[in-house]
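Working notes for the structure below.
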Amino acid sequence: MIIEYHRPKDESQALALLNRKIPITIPLGGGTVVSKTSQEVAVVDLQFLDLNYIREENKTIAIGSMTTLEEMLSYFGKESAIGQAIVIDAGKNIRCMATLGGSVVSNGGRSALLTVLKALGIEIVWKPGDKVTDIDTWLASKDAGRFGDFISEIRMPKEVQVAFESVGRSPLDLPIICCAVTRQPNGSLRLALGGFGEAPILGYEGNAWGDVAKSVGGALNAAGDEWASAEYRVEAGTILAKRLIEALAEGK
Amino acid sequence: MNINLDINNCMIPFEIQPAVTLLSVLRGAGYFGAKFGGCKKGECGACTVLLDGKPVNSCSMLAAQAEGHKIQTIEGIGQHPDQGWKKTEGLHPLQQAFIESGAIQCGYCTPAMVLSTKSLIDKSPEPSEEDIRDALSGILCRCTGYQKPVEAVRAAAALMNGSVTLSEFSDDIKANSMPQMDLAPEAEGFKSVGKPDIKVDAMKLVQGKAAFTADIDIKDLLVARVLHSPVAHARIKRIDVEKARALPGVHAVLTYKDIPRVVFTTAGQSDPIPGPLDAFSLDNKVRFVGDRVAFVAAETAEIAAKALGLIDVEYEELPILLNSEDAMKPGAPILHDEPEYQNFADSDPSKNLAAEIRIDIGNVENGFKEADRIFEADYEVPKVQQAHIEPHVTVTYWDSDDRLVIRTSTQVPFHARRQLAPVLGLPIKRIRVIKPRIGGGFGGKQEILIEDVAAHLTIATGKPVVFGYSREEEFIAARSRHPMKIHMKTGVKMDGTVTANEMHVLTDTGAYGCHALTVTGNTGQKAMALYVGDGKYRKSPNIRFYADIVYTNTPPAGAYRGYGVPQGFWPVERQMETIARELNLDPIEFRLKNALRAGELQPFSTSWSEGREPKPEIVHTVGLERCVKLGKLAIDWEKKFSKSEWHTVAGKPHLRKGIGVAMVMQGTAIPYLDMGAASIKINEDGSFNLLIGATDLGTGSDTVLAQMASEVLGVPTEDILVYSSDTDMTPFDKGAYASSTTYISGTAVTNAAMQAAERIKVRAAFMLSKDERKVTTEEIVLRERKAFAADGRSVTMAEVACESLHHANQEQIMGTASYVSPVAPPPFAAQFAEVTVDIETGKVIVDKLVMAVDSGVIVNPLTASGQIEGGMVQALGYAVSEEMVYDAKGRARERDLVDYHIFRADEMPEMKTIFVETYEPSHPFGAKAVAEIPMDGVAPAVGNAIQDACGAMLYRNPATPERVLEAIKRRK
């Protein structure tokens, strides 16, 4: 239950609030998740902090953490891998509210968007101090939580190819298995798998394209849950990985 | 904290708690157009408002977040064009388009749709269909299938951007919203019946008026919450509620110790209830995760929730029974050992048997002997949820006469009154049930599910109480479709003649036997009646239907649109497909060869009638062949079926296309049992009040009943003012179920209107005789708001009314009638589906659905086609995505509309509806039922299309990717 609401005007006010130990104080993005919390918390609404932007910088795209998924969809387009994933994760209303920062914090393994972000190897920039955490580190440790800081920006590589495919029960159902692959200009691949578990997992990273299928199969070996068996995910995930890599090779 | 919100350009101050959502603030201030779907993740979107012009979910946003932004609600969009002496700008074009296109069914999500698409049109004056579907993607609609809302937005945009003129607007909408019609010549002369009149409740729904149960502001209203069991089977060893009772703001905490122990059933059905009585408002035993443990009433929802956490319960856990196949095995845990249990027919709680059915028609064993081939297979259908967007909700209070008022979202107000009376210790005459608009029901509200909770708490506190389910409670503690395991055995000659057909069903009714007997009875009565066989078997079909309906420690099943029939047609139609392919027969010709024909006996009519005495029924109208013909044309069957080149996709070797068909039949009402009544009276201006007990749960039944009255009385539908349903004010009606309202209540309305018409004719003849000659009553014709004599002279309806009410021989012209039917004429349909299957992952995309339906004469093609479109989409979920699954401790996997995925507007297949009219002689206007039949054929048609695409033999729905891939591998 939310017991305090604050809307700081600048970073220092926000950080001062977030550094309180009593009551537990957390950042508020779009609010779609936090507004339903049962825990007693104070929230710090970041909407005045000018964190709503998408900027292209050299080899990076920098996205403010308060940028909504709808704004990202407009920027990247529905046909892009990010666009496809956003549309699967949320309908219009939630896209107009949910922020990228909030999604990185709260989404789980069934999130198509988080799977694509994982494949992109995004960097998460934290205030204070613009400390940077890579997505792998963040997803591995986020249960431990972070005290007193908030995400200000997400950075992703600009000059990579990205491909994404998902299998669900309907065209826009949350994935049972999904796969996102990025290809760097030097040809190296980074492949993420989602649709299960606490967070998307890395299926492959490297240059040996021939090893991808085996690596994906290994990554999914224990991926059985109430939605699908591990055997199914191994089989379908390997197929998706193969298709996406072929598509990237063909420049699609 | 204090905030100022800019709502519809008015700055309004609020004093709020930080946790309060924008939705709570808006509804508390009377902006009832924003609805609540009970979600935790904002997935339904019924609460949509515009924030700085963008659609957002007000249930997922703190009110404080919205400060400094411009909030627009439906109340700020448009209003009734005529408010007496005050003229307004009228409705927004979008609202007008929603009304005229038939885009409104229950109307619960309509304000959200209007707002979201207004946001689109404001930004993109010429939106594409993809844009419109995207704008609607945040709002889940369970009624419409989105087709008509999309059309409404397209038409409104065209008007607003000048592509069409105002005079072209209505024609433009009609041209694109109407279904394909194959008209019955007998219905040609009707003036109102058969016309796409707008819904009588559309104006208020499109404005988001306070029309629903929870849209009410009562002083000192307490909020109720229920403590649900965390375990699947246990006795309550100890329950301590003192801390909860002591919490400030708590007014009552009730356990089984505090209220009378009265056995009843939550199934809302006519007397005597055709099923066991096996439930209590509160018991000392819990039988599923989600079962009731205690009730709390408090001043706020937050206090009530906190109080639940203070109730200390010690459970003595008992062995769990989750698998229906184990239910009747020796040593199985017994769910119902209470002495108060009341059997119905063959129920036997000592065997966990809620009901049993044994029906033999003809000589089945001889039929099998006469067959050339016997086909046997096992099938399974899942538990699925109605998922109406308005959750169950009830408000109770004592009125000034100390009568208990139950304002509730129910399909069965009269059954609710009768069945609740003993539970509450009140005589029926001290209970009044009021049904406001219903935000979808689909059978889920044919259950007296939560009314007793609020009522007990009002009795305990003396205060008004509101109780509404959350979405999670809908999943763990409401009703669902009965899951079944089915064994089929069919005897067939090599020429395709079915010689005998046998179905054995094991039904899982969950922890209580709500609708246990009747749902499963319907499975056989409809699905096993369609294919009687050919030749001599037509007169003497051989059919066996045996069923055991057993208890398990899962949430109870109940009524759900289709009422057992979709469960039956999955195995029957998959079986028919298999046989046709195995015997190398054309699957359509094979079906038609064996299908029931006009003039034949409904085979089950001599053996089954919902637990009552059966009476033979001849089926007079069967439009199935014509449905097949038009459906085949619409889906281009001849160019696709068995054409190998069509089944592949260029450049995508992993994709296969397939096409499938299923033929289905339903029923129309329950003969000799369910009764509807109506009362109609004239007003001075020649308008009429039509009072009906029938409950429009969004289907448009109020409108079609008004159309039937208008047809008889010769006035436009807008002159019929419909009021439904209130147990104090309206005549009895059994309620909205069994596809009966148009047929049963419609005949009652017609008969009542005929009584009124007769008096109008008598008085008109008298009035017209004054001038020149003696006019007879028989020659009077009512049309165009007038009563005409044979020579063309007329008096207006208003003149007749005034004469009768004020001037001479005063009387209230009125009529009251009721109707119970001796027959249940079945509607028929041919359902077609086209799919694309990814043979490497098992992913299925349904590309197109075509349904050609014989529902007799269609009273309103707009509302009827809306039923078909929405029904097909619900059934599409049954085909591919919807399923309720439990873990080893009986805990639900699905607890929201994210995991329980229902289709969004932006992922829909193409859909087409065709009505093939027949003229059913037992109805005054030739109508049969339409509401339930769209649930029956989609799943098997999709299953058959998947088989056509890749040979995968599916025995279990939904067709999830893993199941499809397994089936593909089995084929290999």
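Identifiers in the structure tokens: chain A, B, ... in order shown; residue index from 1 per chain; ligand index from 1 in order shown.
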- Shell around B:Ser170 at 9 Å using only C-alpha atoms, local window under 6 positions removed, as a ChimeraX atom specification: /B:97,100-101,155
Restricted to C-alpha atoms, what would the selected residues look like written as a PDB file, in the first residue's frame?
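Below is the file out_8.pdb, written as the result:
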```pdb
ATOM      1  CA  ALA B  97     -21.302   5.629 -34.916  1.00  0.00           C
ATOM      2  CA  GLU B 100     -25.643   2.935 -35.313  1.00  0.00           C
ATOM      3  CA  SER B 101     -23.122   0.231 -36.154  1.00  0.00           C
ATOM      4  CA  ALA B 155     -17.308   5.518 -40.144  1.00  0.00           C
TER       5      ALA B 155
END
```
- Task: Might you pull out every residue within 10 Å of stretch 49-59 of chain A, with only C-alpha atoms counted and same-chain residues fewer than 5 positions away left off, and present them as JSON, numbers by chain?
- Result: {"A": [7, 8, 9, 10, 11, 14, 64, 65, 66, 67, 68, 71, 72, 75, 99, 100, 101, 151, 152, 153, 154, 155, 156, 157, 158, 159, 160]}
- Item | B:Arg245 surroundings by only C-alpha atoms, 9 Å radius, close-in-sequence under 5 positions cut, as a list in words |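 Contacts, in chain order: Val250, His251, Ala252, Val253, Val296, Ala307, Leu310 and Ile311 of chain B.
The smallest atom-to-atom distance between A:Ile61 and any of A:Ile122, A:Ala249, A:Cys179, A:Leu28, using only C-alpha atoms, is found for A:Ile122.
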- Taking only C-alpha atoms into account, which residues of chain B are within 8 Å of chain A, as a ChimeraX atom specification? /B:17-19,21,40-43,45,48,54-57,60-62,64-65,134-139,840-841,843-845,880-881,893,898-899,901,903-904,907,959-962
- as an NGL selection string, please: all residues of stretch 115-162 of chain A that backbone DSSP puts in helix (DSSP H, G or I). :A and (115-120 or 135-144)
